[in-house]
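First comes the structure, then the notes that go with it.
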Amino acid sequence: MSLLQMLPERVTPIVMSGNPKETEQRYGVESSDRLSLNILPLLKNADTFIWGGGSLIQDVTSLASPIYYSGLMALAQKQGLKTIAWAQGIGPLNSPFTRWLTQEVLRHCTAVTVRDNASAELLANWQIPVTIAPDPVWALKAQPVSGLWELPAPRIAVTLRAHPQLTPQRLAILTQALIDLQTATQACILLVPFQPSQDLAIAHSLAAQLRGNKQIITINNPREIKGLFRGVEMAIAMRFHSLIMAAAAECRCFALSYDPKVSQLMSQLNLPGWELNQLPDDPNIISTAWLETYVNGDSLNSTQINSLIDRALIHRDILHQILIEKNS
C-alpha cells in the first residue's frame with residue numbers, strides 16, 4: 001500500500017502476488033501469480049522492475065527467499081529493465097553464496113533504497129551506492145476505523161505474532177502480565193492480528209483469558225490499521241510495522257523484539273522493550289514495566305514524526321525520479 005501510494009500517477013503497476021485475486025480486490029491493481037510462468041511475458045512488456053519493500057533478502061529463515069528474489073531481479077536485469085531495490089532491509093546474510101548473489105544483483109540496480117543503518121553500512125562496505133530513508137509506512141496515509149471510538153476507553157493495542165522465540169512458556173508469561181496490566185488500568189485490550197495466518201490464533205488465546213473488555217480487530221486495509229493506533233493510549237507490539245504505525249500516531253509503545261530490524265527500531269526511537277529471548281520469567285516484572293510506560297511513557301512528538309515522514313518520502317522521490325525519467 002505504501003509503494004502504490006508513492007508511485008507516479010502515470011505508472012500502471014502489475015503486482016506479483018501469492019494471491020493475485022485478493023491483491024486485485026484489495027488494492028485495485030492488476031496482479032499476477034509470483035510463481036507462474038507468466039513472469040517472462042510480464043517482464044518483456046514492462047519498463048521497470050521494483051523489488052520491495054521489506055526484509056526480502058535474508059537467509060536466517062531459509063536460503064529460498066534471497067535466491068528467489070535475487071533471481072527475479074537478475075532476470076529483470078537480463079531483460080534490460082531498470083531495476084529498483086526499494087525500501088529494503090538487507091540481511092542477515094550468513095551464506096557466502098547469498099552474500100555474493102546479493103552483491104551482484106544490487107550492483108546492477110538502477111537505484112537502491114534501504115530503511116536502516118545496518119543495511120546502508122553493509123552496502124557501503126560493498127561500495128554499492130545507496131539511499132537511506134525511514135520505512136515508507138511512516139508516510140502511509142491513515143484512515144479512521146469504523147466503530148473504534150465506541151469501544152470502552154482507555155484502550156491498549158497488542159500485536160503478537162507466531163515465532164519460535166515466542167514459546168508457549170513465554171506466551172503464558174505475557175498473557176499473565178497482560179491480565180495484570182488490564183486489572184491495573186481497566187483498559188480495553190485491542191488484539192490486532194496484522195497477518196491473521198500467523199497472528200489470529202494468539203489473539204484468540206489471549207482473548208479467552210482476559211477478564212475485562214477486549215476486542216479482536218482484524219483489518220485488511222493497511223491505512224485503517226494505521227488509523228487504529230490514533231484511538232489507543234499504548235501499544236505492546238512484536239511486529240515492526242505495528243510499532244511504526246503506533247509511534248506515528250503519537251502512541252506510547254513497548255516493543256518485544258524477535259528480529260534485528262525491531263531491535264534497531266527500538267534503538268532509533270528509544271523505545272522501551274525486551275528482546276524476546278531475554279524476556280523476564282516473572283509476569284509481575286513485565287506488567288510493572290508496561291504500567292510504567294502506560295502512565296509515564298513518552299510518545300514521539302509531532303516534530304519528530306513529521307521529520308520521519310518527510311524523510312520517508314525520499315523513497316517516493318527516487319521512484320518519481322526514475323519512473324518519470326523512464327517514461328518522459
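How things are named: the first chain in the C-alpha cells is A, the next is B, and so on; residues count from 1 in each chain; ligands count from 1 in the order shown.
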Tell me, which residues of segment 174-204 of chain A carry DSSP strand (DSSP E), written as a ChimeraX atom specification? /A:188-191
Residues within 10 Å of Leu319 of chain A, please, as a ChimeraX atom specification. Count only C-alpha atoms; anything in the same chain fewer than 2 positions from it doesn't count. /A:3,6-8,50,84,86,111,113,313-317,321-325
Pull C-alpha atoms from the residues just selected and write them as a tab-separated table (two decimals), in the first residue's frame.
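Dumped everything to out29.tsv:
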chain	number	residue	atom	x	y	z
A	3	LEU	CA	4.53	1.63	-2.52
A	6	MET	CA	4.09	6.64	-3.80
A	7	LEU	CA	4.03	5.64	-7.49
A	8	PRO	CA	3.58	8.41	-10.07
A	50	ILE	CA	10.55	-2.69	-8.42
A	84	ILE	CA	14.91	-0.68	-8.20
A	86	TRP	CA	13.19	-0.30	-2.85
A	111	ALA	CA	18.73	2.54	-7.63
A	113	THR	CA	17.00	2.47	-1.13
A	313	LEU	CA	9.17	10.41	1.29
A	314	ILE	CA	12.71	10.16	-0.10
A	315	HIS	CA	11.65	6.65	-1.21
A	316	ARG	CA	8.86	8.31	-3.24
A	317	ASP	CA	11.24	10.85	-4.73
A	321	GLN	CA	12.95	10.42	-10.49
A	322	ILE	CA	13.48	7.06	-12.19
A	323	LEU	CA	9.97	6.26	-13.44
A	324	ILE	CA	9.13	9.69	-14.82
A	325	GLU	CA	12.55	9.94	-16.46
Considering only C-alpha atoms, return as a PyMOL selection string whatever protein or nucleic-acid residues lie within 10 Å of Leu106 of chain A, sequence-local ones (same chain, fewer than 6 positions apart) excluded. chain A and resi 70+73-74+83-85+112+123+126+128-130
Quick one: write out the picked residues with C-alpha atoms as a compact mmCIF listing (two decimals), in the first residue's frame?
# COMPACT_ATOMS: atom_id res chain seq x y z
CA SER A 70 17.65 -12.02 -6.26
CA MET A 73 15.91 -9.15 -10.10
CA ALA A 74 18.71 -10.75 -12.13
CA THR A 83 15.54 -2.29 -11.57
CA ILE A 84 14.91 -0.68 -8.20
CA ALA A 85 15.63 -2.38 -4.87
CA VAL A 112 18.81 1.04 -4.15
CA LEU A 123 26.08 -1.76 1.02
CA TRP A 126 30.30 -3.38 -0.80
CA ILE A 128 27.23 0.00 -3.82
CA PRO A 129 25.52 3.42 -3.99
CA VAL A 130 22.55 3.51 -1.63
For Glu150 of chain A, which of A:Cys188, A:Ile225, A:Leu308, A:Cys253 is the closest residue, counting only C-alpha atoms? A:Cys188
Would you return as a count of residues only the members of segment 208-300 of chain A that DSSP assigns to helix (DSSP H, G or I) on this structure's backbone? 48
Each residue of segment 165-256 of chain A lying at most 8 Å from segment 135-138 of chain A should get a row with its shortest atom-to-atom pair and the distance in Å to one decimal, counting only C-alpha atoms; could you produce that, ordered by chain and increasing number, as a tab-separated table?
residue	atom	partner	partner_atom	distance
A:His241	CA	A:Val137	CA	7.2
A:Ile244	CA	A:Trp138	CA	6.5
A:Met245	CA	A:Trp138	CA	6.9
A:Ala248	CA	A:Trp138	CA	6.4
Kindly give the distance, in Å, that separates atom CA of Pro164 of chain A and atom CA of Asn213 of chain A, rounded to a single decimal.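 For atom CA of Pro164 of chain A relative to atom CA of Asn213 of chain A, the distance reads 29.0 Å.
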For each of A:Leu300, A:Ala133, A:Ala153, A:Val105, take the minimum atom-to-atom distance to Ile318 of chain A, counting only C-alpha atoms, then give the residue where this is smallest. A:Ala133
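Checking A:Arg230, A:Lys44, A:Arg10, A:Arg99 one by one against Ile67 of chain A, counting only C-alpha atoms, you find the shortest gap at A:Arg99.
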When you count only C-alpha atoms, which of these residues is closest to Gln103 of chain A: A:Leu200, A:Leu291, A:Leu72, A:Ala124? A:Ala124
Identify, on the basis of only C-alpha atoms, every residue whose closest approach to Ser95 of chain A does not exceed 10 Å; exclude the query and any residue fewer than 4 positions from it along the same chain; express the result as a list of chain:residue names.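 Once the adjacent positions are removed, what remains is A:Gln58, A:Asp59, A:Val60, A:Leu63, A:Arg99, A:Trp100, A:Leu101.
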Save the residues we just selected, N, CA and C atoms, as a JSON list (two decimals), in the first residue's frame?
[["chain", "number", "residue", "atom", "x", "y", "z"],
["A", 58, "GLN", "N", 17.31, -12.03, 3.18],
["A", 58, "GLN", "CA", 17.92, -12.54, 4.41],
["A", 58, "GLN", "C", 17.85, -14.05, 4.34],
["A", 59, "ASP", "N", 18.87, -14.70, 4.89],
["A", 59, "ASP", "CA", 18.89, -16.17, 4.81],
["A", 59, "ASP", "C", 18.78, -16.82, 6.19],
["A", 60, "VAL", "N", 18.27, -16.08, 7.18],
["A", 60, "VAL", "CA", 18.09, -16.65, 8.51],
["A", 60, "VAL", "C", 16.94, -17.65, 8.49],
["A", 63, "LEU", "N", 17.31, -20.32, 2.71],
["A", 63, "LEU", "CA", 18.05, -19.83, 1.55],
["A", 63, "LEU", "C", 17.12, -19.49, 0.40],
["A", 99, "ARG", "N", 25.41, -13.95, -0.01],
["A", 99, "ARG", "CA", 26.08, -12.64, 0.05],
["A", 99, "ARG", "C", 26.60, -12.26, -1.34],
["A", 100, "TRP", "N", 27.23, -13.22, -2.03],
["A", 100, "TRP", "CA", 27.76, -12.94, -3.36],
["A", 100, "TRP", "C", 26.62, -12.60, -4.33],
["A", 101, "LEU", "N", 25.56, -13.40, -4.30],
["A", 101, "LEU", "CA", 24.43, -13.18, -5.21],
["A", 101, "LEU", "C", 23.79, -11.82, -4.97]]
Neighbour list for Gln215 of chain A as a ChimeraX atom specification, cut-off 10 Å, only C-alpha atoms, skip fewer than 2 positions in-chain: /A:151,157,188-192,203-204,207,213,217-218
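Separating atom CA of Asn45 of chain A from atom CA of Val29 of chain A is a distance of 16.4 Å.
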